[in-house]
Structures are given as C-alpha cells and as structure tokens.
Amino acid sequence: MKGMGGRRILISPLNWGFGHAGRMIPLAAELKRRGHEVHFGVDKSLIPMVRGELPGISITEIRGVRIRYSRHLPQYLCIFLQLPSITVSSVSEYYHLRRLASRLQPDLIISDSRFGFRHRNIPSVYVTHQLRIAFPGWLRLMEPLGVWIHSMIIRRFDLCLVPDYPGSVNLSGRLSHDLPLPDNTCYCGPLSRFDATPATAAGRELPRRPFCCLILSGPEPQRTMLLHKVTAAVTEMPLVILSAAPLHDKPTGNRKITVITSPDTATMKRYLIEAERIIARAGYTAIMELASLGRGAILIPTPGQTEQEYLGRYLHGRLGFVTVSQGEIGPAL
C-alpha cells in the first residue's frame, strides 16, 4: 500500500557504471524521507550498491544495454558502433516499463538518462547533465544535430531536470549551458550522496596523514590501466583506493596501499574529507560529490570519452580541480 499522503515513485538510472545510480540515491532517499513509496529499477550489477545505500526501498531488476569497450579504440567510437544495440535497448525499456507500470501502478516515473523509460499515461521525469552531448573535435559540426535529436527525446517527457546550477558559475559548462533549453527543462542543482550524510569510518583507522585517495571507477580495461599508473606514480605517501567493484589486478608500486571495496557513503565521505590529495576520473557524479564537500581533485579523464575530456578541460583551474591526461601520469602526480 502507498504511504499516507505519499506517492509511489519509480526511479531507474542508466547502467553505464555506478555514477548514474549514485546520483539517484540522494534523490530516492529524500523522496522516501518525505513519505513517498520509492521503487528503484536497476541493472543486476548495481543492485548491491543500491541495497546498501537505500535499505528498505523496493528494488526491481531492469536489464540495461551492455556496452563493450576496447583497449585500443576510443570510447566514443565503441559507443557509435553499438548504436543499434542502444536503440533496441531503448525500445525494450519502453515496453518493459509498460509491463512494470501495470504491476506497480506508480504515480511518477524518474529516468536518469534512459531514453525509453517513460510512460504516456504517467508523469515521467528525465534527468541529464548533457543537453549537448560532446562530440570529438572532428565531428564537432554534428553537435547541433545531436542537440536537436536529444531535445526531441527530452520533449517526450513531462519534465527534464538538469543537476547543475543555472548561470555562469556551474559544473557542466557547455554540456548544459549556452544553448536553448527545451520548454520542459529546468536546473535542479547538483545531486550528491554526501549532502546529508555524517562522515564516519566505522571499524577502520585512517592512514597516517598525509595520504592520497584514489576514487577508482569507469569501464575496463581503462579502470585497471588507471590503477596501475596511479599506484606506480604515488609512492611518497599512503594511498587509499575507494573502489565500487573488486579489483581485477593486485596494485603494484606503492607498498602502503589500502583498498576499500564498495565503501558506504559515510566512510567514503570521511576519507575524501581527510585526504591530502584526491585523484578521480572526470565523471560528472564524482565532480558533483567532490564539489559538495568543497574538495578539488586531480581529474584524469577516461581516454576517448569526450564528455570527461571536456569536463576536465572546463574545470581545470576551477574549484580546486586540476586535470591531467592519463598519458601524463608520473611521479609528480
């Protein structure tokens, strides 16, 4: 049964990594706090993360498209080659949602970057920080077409929320600014798990300060490549690795390494607050969460991922962020 005065809300993020699910967690927690009945629909790989962060919330498995990446091809090219699978997945999402909605009877649907996760008879909200999808330099002339196509998708929803600040002081730059907004679009401010979470590290003793903290994320094989480069470069101080998934390879180089797999939000917050230096991919969720703590970081964009490469350039020298390419990682890191 629905809670007294509350609505039944179905939330589903894109399954490309942990970032989209991570930024939906504070939204789901706030909606639950306000008395709504929240159902979270995620890919099987994300269920442990969501269950740990949102105890008591109903979780439904919704399979997402499996994107494959290459050690040699840039990520944008890998995604382009898999566009037929992505299109089929979006259509599948739409019909899967119709069956799910018939069973759950939600009052509201929230989709984080899932194009097909909407219902014509139920108010549907779309969340994205990329109104303009970044194209590689040689395809930059195609960006207006991408904006137009994405705008057509956005207009199929009742509301589009951009998790950023309006105006010139913002986190996403031209990805969501300096372009005409669809009529149903508004900025809702950044989303961060850390905003209402006390910092604790139960059962763990922090390394002797100063220490460096690596937020290890992103797709393979680039994730493991980053791990090896950073552990080889950071040798003058203890290194704490915060990883949402188990490591494929044993870290090398630095002998003073602490690996924390699937850290809860409170533990992660404590380490990030206390760290002398933070290293992270230039993913937008990581940027929002670091900014919410008032922490900058060394950003290392995933090679070939145009969104991260743009965010790295845009934020370099802003809000305490410094961007270094993966090929430039060295002892001075």
# chains A, B, ... in the order shown; residues from 1 in each chain; ligands from 1
>>> select_by_dssp(residues="range 122-173 of chain A", states="strand (DSSP E or B)", output="JSON, numbers by chain")
{"A": [122, 124, 125, 126, 127, 159, 160, 161, 162]}
>>> write_last_selection(atoms="N, CA and C atoms", output="mmCIF file, in the first residue's frame")
data_model
loop_
_atom_site.group_PDB
_atom_site.id
_atom_site.type_symbol
_atom_site.label_atom_id
_atom_site.label_comp_id
_atom_site.auth_asym_id
_atom_site.auth_seq_id
_atom_site.Cartn_x
_atom_site.Cartn_y
_atom_site.Cartn_z
ATOM 1 N N ILE A 122 1.581 8.255 -17.413
ATOM 2 C CA ILE A 122 2.117 8.513 -16.074
ATOM 3 C C ILE A 122 3.154 9.631 -16.181
ATOM 4 N N SER A 124 6.300 11.548 -16.315
ATOM 5 C CA SER A 124 7.643 10.987 -16.453
ATOM 6 C C SER A 124 8.681 12.094 -16.476
ATOM 7 N N VAL A 125 9.717 11.936 -15.645
ATOM 8 C CA VAL A 125 10.774 12.930 -15.489
ATOM 9 C C VAL A 125 12.078 12.362 -16.023
ATOM 10 N N TYR A 126 12.795 13.173 -16.761
ATOM 11 C CA TYR A 126 14.081 12.770 -17.343
ATOM 12 C C TYR A 126 15.185 13.597 -16.695
ATOM 13 N N VAL A 127 16.269 12.937 -16.274
ATOM 14 C CA VAL A 127 17.391 13.624 -15.631
ATOM 15 C C VAL A 127 18.626 13.483 -16.510
ATOM 16 N N LEU A 159 8.910 16.394 -17.825
ATOM 17 C CA LEU A 159 9.835 17.325 -17.192
ATOM 18 C C LEU A 159 11.251 16.799 -17.362
ATOM 19 N N CYS A 160 12.196 17.712 -17.575
ATOM 20 C CA CYS A 160 13.617 17.365 -17.640
ATOM 21 C C CYS A 160 14.356 18.165 -16.574
ATOM 22 N N LEU A 161 15.096 17.470 -15.710
ATOM 23 C CA LEU A 161 15.869 18.110 -14.651
ATOM 24 C C LEU A 161 17.358 18.027 -14.984
ATOM 25 N N VAL A 162 18.041 19.157 -14.876
ATOM 26 C CA VAL A 162 19.485 19.217 -15.104
ATOM 27 C C VAL A 162 20.169 19.383 -13.749
#
>>> residues_around(residues="range 301-312 of chain A", least_positions_apart="4", cutoff="8 Å", atoms="only C-alpha atoms", output="PyMOL selection string")
chain A and resi 73-76+133-136+172-173+218+222+281-284+316+322-326
>>> write_last_selection(atoms="N, CA, C and O atoms", output="CSV table (one decimal), in the first residue's frame")
chain,number,residue,atom,x,y,z
A,73,LEU,N,40.4,1.2,-29.2
A,73,LEU,CA,39.5,2.2,-29.8
A,73,LEU,C,39.0,3.2,-28.8
A,73,LEU,O,38.8,2.8,-27.6
A,74,PRO,N,38.8,4.5,-29.2
A,74,PRO,CA,38.3,5.5,-28.2
A,74,PRO,C,36.8,5.1,-27.9
A,74,PRO,O,36.1,4.5,-28.7
A,75,GLN,N,36.4,5.5,-26.7
A,75,GLN,CA,35.1,5.1,-26.2
A,75,GLN,C,34.0,5.6,-27.1
A,75,GLN,O,33.0,4.9,-27.3
A,76,TYR,N,34.1,6.8,-27.6
A,76,TYR,CA,33.0,7.3,-28.4
A,76,TYR,C,32.8,6.5,-29.7
A,76,TYR,O,31.7,6.3,-30.1
A,133,ILE,N,25.5,16.8,-26.1
A,133,ILE,CA,26.4,15.7,-26.0
A,133,ILE,C,27.7,16.1,-26.7
A,133,ILE,O,27.7,16.5,-27.9
A,134,ALA,N,28.8,15.9,-26.0
A,134,ALA,CA,30.1,16.3,-26.5
A,134,ALA,C,30.5,15.4,-27.6
A,134,ALA,O,30.6,14.1,-27.4
A,135,PHE,N,30.8,15.9,-28.8
A,135,PHE,CA,31.4,15.1,-29.9
A,135,PHE,C,32.9,15.3,-30.0
A,135,PHE,O,33.4,16.4,-29.6
A,136,PRO,N,33.6,14.4,-30.5
A,136,PRO,CA,35.0,14.6,-30.7
A,136,PRO,C,35.3,15.7,-31.7
A,136,PRO,O,34.4,16.1,-32.5
A,172,SER,N,28.9,21.9,-15.3
A,172,SER,CA,28.9,21.2,-16.6
A,172,SER,C,29.2,22.0,-17.8
A,172,SER,O,29.4,21.4,-18.9
A,173,GLY,N,29.4,23.3,-17.7
A,173,GLY,CA,29.8,24.1,-18.8
A,173,GLY,C,28.9,24.0,-20.0
A,173,GLY,O,27.6,24.0,-19.8
A,218,GLY,N,34.9,3.6,-13.6
A,218,GLY,CA,35.0,3.6,-15.0
A,218,GLY,C,35.0,2.2,-15.6
A,218,GLY,O,35.2,1.2,-14.9
A,222,GLN,N,40.2,0.4,-19.1
A,222,GLN,CA,40.8,1.7,-18.6
A,222,GLN,C,40.9,1.8,-17.1
A,222,GLN,O,41.8,2.4,-16.6
A,281,ARG,N,38.5,10.0,-11.8
A,281,ARG,CA,38.0,10.2,-13.2
A,281,ARG,C,37.2,11.5,-13.2
A,281,ARG,O,36.7,11.9,-12.2
A,282,ALA,N,37.1,12.0,-14.4
A,282,ALA,CA,36.3,13.3,-14.6
A,282,ALA,C,34.8,13.0,-14.9
A,282,ALA,O,34.2,13.7,-15.7
A,283,GLY,N,34.3,12.0,-14.2
A,283,GLY,CA,32.9,11.7,-14.3
A,283,GLY,C,32.0,12.7,-13.6
A,283,GLY,O,32.4,13.2,-12.6
A,284,TYR,N,30.8,13.0,-14.1
A,284,TYR,CA,30.1,14.1,-13.6
A,284,TYR,C,29.6,13.9,-12.2
A,284,TYR,O,29.5,14.8,-11.3
A,316,HIS,N,39.5,22.6,-15.3
A,316,HIS,CA,40.9,22.7,-15.0
A,316,HIS,C,41.2,24.1,-14.4
A,316,HIS,O,40.9,25.1,-15.1
A,322,VAL,N,42.3,20.1,-11.0
A,322,VAL,CA,43.4,20.2,-11.9
A,322,VAL,C,43.3,18.9,-12.8
A,322,VAL,O,43.0,17.8,-12.3
A,323,THR,N,43.4,19.1,-14.1
A,323,THR,CA,43.3,17.9,-15.0
A,323,THR,C,44.6,17.5,-15.6
A,323,THR,O,45.4,18.3,-16.0
A,324,VAL,N,44.8,16.2,-15.5
A,324,VAL,CA,46.0,15.5,-16.1
A,324,VAL,C,45.5,14.4,-17.0
A,324,VAL,O,44.6,13.6,-16.6
A,325,SER,N,46.1,14.3,-18.2
A,325,SER,CA,45.7,13.2,-19.1
A,325,SER,C,46.4,11.9,-18.5
A,325,SER,O,47.4,11.9,-17.8
A,326,GLN,N,45.8,10.8,-18.9
A,326,GLN,CA,46.2,9.5,-18.4
A,326,GLN,C,47.7,9.2,-18.9
A,326,GLN,O,48.5,8.7,-18.1
>>> select_by_dssp(residues="range 57-266 of chain A", states="helix (DSSP H, G or I)", output="PyMOL selection string")
chain A and resi 75-81+83-104+137-154+173-175+222-233+265-266
>>> closest_residue(among="A:Asp107, A:Gly41, A:Arg99, A:Thr267", to="Gly6 in chain A", atoms="only C-alpha atoms")
A:Asp107
>>> residues_around(residues="Phe117 in chain A", least_positions_apart="6", cutoff="7 Å", atoms="only C-alpha atoms", output="compact mmCIF listing (two decimals) with C-alpha atoms, in the first residue's frame")
# COMPACT_ATOMS: atom_id res chain seq x y z
CA GLU A 93 12.92 -0.26 -21.91
CA TYR A 94 9.71 1.37 -23.09
CA LEU A 97 8.20 -0.18 -18.32
CA SER A 111 14.53 8.23 -15.59
>>> closest_residue(among="A:Pro26, A:Pro106, A:Pro198, A:Pro180", to="Met268 in chain A", atoms="only C-alpha atoms")
A:Pro198
>>> closest_residue(among="A:Pro13, A:Pro219, A:Pro144, A:Pro48", to="Asp264 in chain A", atoms="only C-alpha atoms")
A:Pro48
>>> closest_residue(among="A:Ile279, A:Val147, A:Thr258, A:Leu27", to="Ala196 in chain A", atoms="only C-alpha atoms")
A:Leu27
>>> closest_residue(among="A:Cys186, A:Ile11, A:Leu175, A:Met24", to="Leu108 in chain A", atoms="only C-alpha atoms")
A:Ile11
>>> residues_around(residues="Ser151 in chain A", least_positions_apart="4", cutoff="10 Å", atoms="only C-alpha atoms", output="VMD selection string")
chain A and resid 131 to 132 145 to 147 155 to 156 180 to 183 185
>>> atom_distance(atom1="CA of Thr197 in chain A", atom2="CA of Lys269 in chain A")
8.0 Å
>>> closest_residue(among="A:Ala199, A:Asn121, A:Gly320, A:Arg114", to="Arg98 in chain A", atoms="only C-alpha atoms")
A:Asn121
>>> atom_distance(atom1="CA of Ile57 in chain A", atom2="CA of Met288 in chain A")
23.9 Å
>>> decode(residues="range 151-185 of chain A", atoms="N, CA and C atoms", output="PDB file, in the first residue's frame")
ATOM      1  N   SER A 151      16.886  16.896 -27.825  1.00  0.00           N
ATOM      2  CA  SER A 151      15.741  17.735 -27.462  1.00  0.00           C
ATOM      3  C   SER A 151      14.422  17.046 -27.797  1.00  0.00           C
ATOM      4  N   MET A 152      14.388  16.329 -28.925  1.00  0.00           N
ATOM      5  CA  MET A 152      13.181  15.592 -29.298  1.00  0.00           C
ATOM      6  C   MET A 152      12.881  14.505 -28.272  1.00  0.00           C
ATOM      7  N   ILE A 153      13.936  13.852 -27.785  1.00  0.00           N
ATOM      8  CA  ILE A 153      13.752  12.824 -26.752  1.00  0.00           C
ATOM      9  C   ILE A 153      13.252  13.466 -25.461  1.00  0.00           C
ATOM     10  N   ILE A 154      13.880  14.588 -25.070  1.00  0.00           N
ATOM     11  CA  ILE A 154      13.510  15.275 -23.823  1.00  0.00           C
ATOM     12  C   ILE A 154      12.040  15.710 -23.856  1.00  0.00           C
ATOM     13  N   ARG A 155      11.578  16.193 -24.992  1.00  0.00           N
ATOM     14  CA  ARG A 155      10.207  16.691 -25.092  1.00  0.00           C
ATOM     15  C   ARG A 155       9.166  15.586 -24.969  1.00  0.00           C
ATOM     16  N   ARG A 156       9.567  14.342 -25.083  1.00  0.00           N
ATOM     17  CA  ARG A 156       8.639  13.234 -24.882  1.00  0.00           C
ATOM     18  C   ARG A 156       8.343  13.004 -23.402  1.00  0.00           C
ATOM     19  N   PHE A 157       9.186  13.600 -22.543  1.00  0.00           N
ATOM     20  CA  PHE A 157       8.968  13.505 -21.103  1.00  0.00           C
ATOM     21  C   PHE A 157       8.172  14.724 -20.629  1.00  0.00           C
ATOM     22  N   ASP A 158       7.587  14.626 -19.459  1.00  0.00           N
ATOM     23  CA  ASP A 158       6.824  15.752 -18.909  1.00  0.00           C
ATOM     24  C   ASP A 158       7.745  16.819 -18.327  1.00  0.00           C
ATOM     25  N   LEU A 159       8.910  16.394 -17.825  1.00  0.00           N
ATOM     26  CA  LEU A 159       9.835  17.325 -17.192  1.00  0.00           C
ATOM     27  C   LEU A 159      11.251  16.799 -17.362  1.00  0.00           C
ATOM     28  N   CYS A 160      12.196  17.712 -17.575  1.00  0.00           N
ATOM     29  CA  CYS A 160      13.617  17.365 -17.640  1.00  0.00           C
ATOM     30  C   CYS A 160      14.356  18.165 -16.574  1.00  0.00           C
ATOM     31  N   LEU A 161      15.096  17.470 -15.710  1.00  0.00           N
ATOM     32  CA  LEU A 161      15.869  18.110 -14.651  1.00  0.00           C
ATOM     33  C   LEU A 161      17.358  18.027 -14.984  1.00  0.00           C
ATOM     34  N   VAL A 162      18.041  19.157 -14.876  1.00  0.00           N
ATOM     35  CA  VAL A 162      19.485  19.217 -15.104  1.00  0.00           C
ATOM     36  C   VAL A 162      20.169  19.383 -13.749  1.00  0.00           C
ATOM     37  N   PRO A 163      20.948  18.412 -13.293  1.00  0.00           N
ATOM     38  CA  PRO A 163      21.572  18.515 -11.969  1.00  0.00           C
ATOM     39  C   PRO A 163      22.799  19.429 -11.972  1.00  0.00           C
ATOM     40  N   ASP A 164      22.536  20.711 -12.070  1.00  0.00           N
ATOM     41  CA  ASP A 164      23.603  21.709 -12.090  1.00  0.00           C
ATOM     42  C   ASP A 164      22.994  23.052 -11.718  1.00  0.00           C
ATOM     43  N   TYR A 165      23.873  24.039 -11.500  1.00  0.00           N
ATOM     44  CA  TYR A 165      23.419  25.392 -11.228  1.00  0.00           C
ATOM     45  C   TYR A 165      23.148  26.123 -12.536  1.00  0.00           C
ATOM     46  N   PRO A 166      22.148  27.003 -12.583  1.00  0.00           N
ATOM     47  CA  PRO A 166      21.994  27.871 -13.744  1.00  0.00           C
ATOM     48  C   PRO A 166      23.042  28.976 -13.690  1.00  0.00           C
ATOM     49  N   GLY A 167      23.226  29.670 -14.777  1.00  0.00           N
ATOM     50  CA  GLY A 167      24.153  30.803 -14.760  1.00  0.00           C
ATOM     51  C   GLY A 167      25.581  30.407 -15.079  1.00  0.00           C
ATOM     52  N   SER A 168      26.476  31.397 -14.947  1.00  0.00           N
ATOM     53  CA  SER A 168      27.866  31.208 -15.386  1.00  0.00           C
ATOM     54  C   SER A 168      28.706  30.389 -14.421  1.00  0.00           C
ATOM     55  N   VAL A 169      28.320  30.331 -13.152  1.00  0.00           N
ATOM     56  CA  VAL A 169      29.056  29.514 -12.177  1.00  0.00           C
ATOM     57  C   VAL A 169      28.369  28.153 -12.107  1.00  0.00           C
ATOM     58  N   ASN A 170      28.943  27.178 -12.763  1.00  0.00           N
ATOM     59  CA  ASN A 170      28.310  25.865 -12.872  1.00  0.00           C
ATOM     60  C   ASN A 170      29.368  24.784 -13.005  1.00  0.00           C
ATOM     61  N   LEU A 171      28.936  23.527 -13.054  1.00  0.00           N
ATOM     62  CA  LEU A 171      29.852  22.394 -13.095  1.00  0.00           C
ATOM     63  C   LEU A 171      29.934  21.718 -14.462  1.00  0.00           C
ATOM     64  N   SER A 172      28.924  21.919 -15.299  1.00  0.00           N
ATOM     65  CA  SER A 172      28.882  21.160 -16.556  1.00  0.00           C
ATOM     66  C   SER A 172      29.247  21.967 -17.792  1.00  0.00           C
ATOM     67  N   GLY A 173      29.410  23.286 -17.665  1.00  0.00           N
ATOM     68  CA  GLY A 173      29.830  24.089 -18.808  1.00  0.00           C
ATOM     69  C   GLY A 173      28.873  23.998 -19.977  1.00  0.00           C
ATOM     70  N   ARG A 174      29.432  23.898 -21.164  1.00  0.00           N
ATOM     71  CA  ARG A 174      28.609  23.915 -22.375  1.00  0.00           C
ATOM     72  C   ARG A 174      27.806  22.635 -22.565  1.00  0.00           C
ATOM     73  N   LEU A 175      28.028  21.619 -21.748  1.00  0.00           N
ATOM     74  CA  LEU A 175      27.211  20.413 -21.864  1.00  0.00           C
ATOM     75  C   LEU A 175      25.746  20.715 -21.582  1.00  0.00           C
ATOM     76  N   SER A 176      25.485  21.691 -20.697  1.00  0.00           N
ATOM     77  CA  SER A 176      24.093  22.007 -20.343  1.00  0.00           C
ATOM     78  C   SER A 176      23.825  23.504 -20.277  1.00  0.00           C
ATOM     79  N   HIS A 177      24.725  24.314 -20.816  1.00  0.00           N
ATOM     80  CA  HIS A 177      24.555  25.765 -20.800  1.00  0.00           C
ATOM     81  C   HIS A 177      24.866  26.333 -22.182  1.00  0.00           C
ATOM     82  N   ASP A 178      24.480  27.606 -22.352  1.00  0.00           N
ATOM     83  CA  ASP A 178      24.735  28.317 -23.609  1.00  0.00           C
ATOM     84  C   ASP A 178      24.065  27.637 -24.799  1.00  0.00           C
ATOM     85  N   LEU A 179      22.835  27.180 -24.589  1.00  0.00           N
ATOM     86  CA  LEU A 179      22.034  26.630 -25.669  1.00  0.00           C
ATOM     87  C   LEU A 179      20.570  26.767 -25.280  1.00  0.00           C
ATOM     88  N   PRO A 180      19.672  26.804 -26.259  1.00  0.00           N
ATOM     89  CA  PRO A 180      18.250  26.940 -25.930  1.00  0.00           C
ATOM     90  C   PRO A 180      17.762  25.714 -25.159  1.00  0.00           C
ATOM     91  N   LEU A 181      17.045  25.953 -24.054  1.00  0.00           N
ATOM     92  CA  LEU A 181      16.513  24.859 -23.260  1.00  0.00           C
ATOM     93  C   LEU A 181      15.137  24.455 -23.789  1.00  0.00           C
ATOM     94  N   PRO A 182      14.883  23.154 -23.883  1.00  0.00           N
ATOM     95  CA  PRO A 182      13.502  22.732 -24.163  1.00  0.00           C
ATOM     96  C   PRO A 182      12.553  23.317 -23.112  1.00  0.00           C
ATOM     97  N   ASP A 183      11.308  23.558 -23.487  1.00  0.00           N
ATOM     98  CA  ASP A 183      10.362  24.234 -22.601  1.00  0.00           C
ATOM     99  C   ASP A 183      10.137  23.503 -21.283  1.00  0.00           C
ATOM    100  N   ASN A 184      10.325  22.207 -21.262  1.00  0.00           N
ATOM    101  CA  ASN A 184      10.043  21.422 -20.060  1.00  0.00           C
ATOM    102  C   ASN A 184      11.297  21.183 -19.214  1.00  0.00           C
ATOM    103  N   THR A 185      12.338  21.984 -19.417  1.00  0.00           N
ATOM    104  CA  THR A 185      13.641  21.745 -18.771  1.00  0.00           C
ATOM    105  C   THR A 185      13.956  22.813 -17.735  1.00  0.00           C
TER     106      THR A 185
END
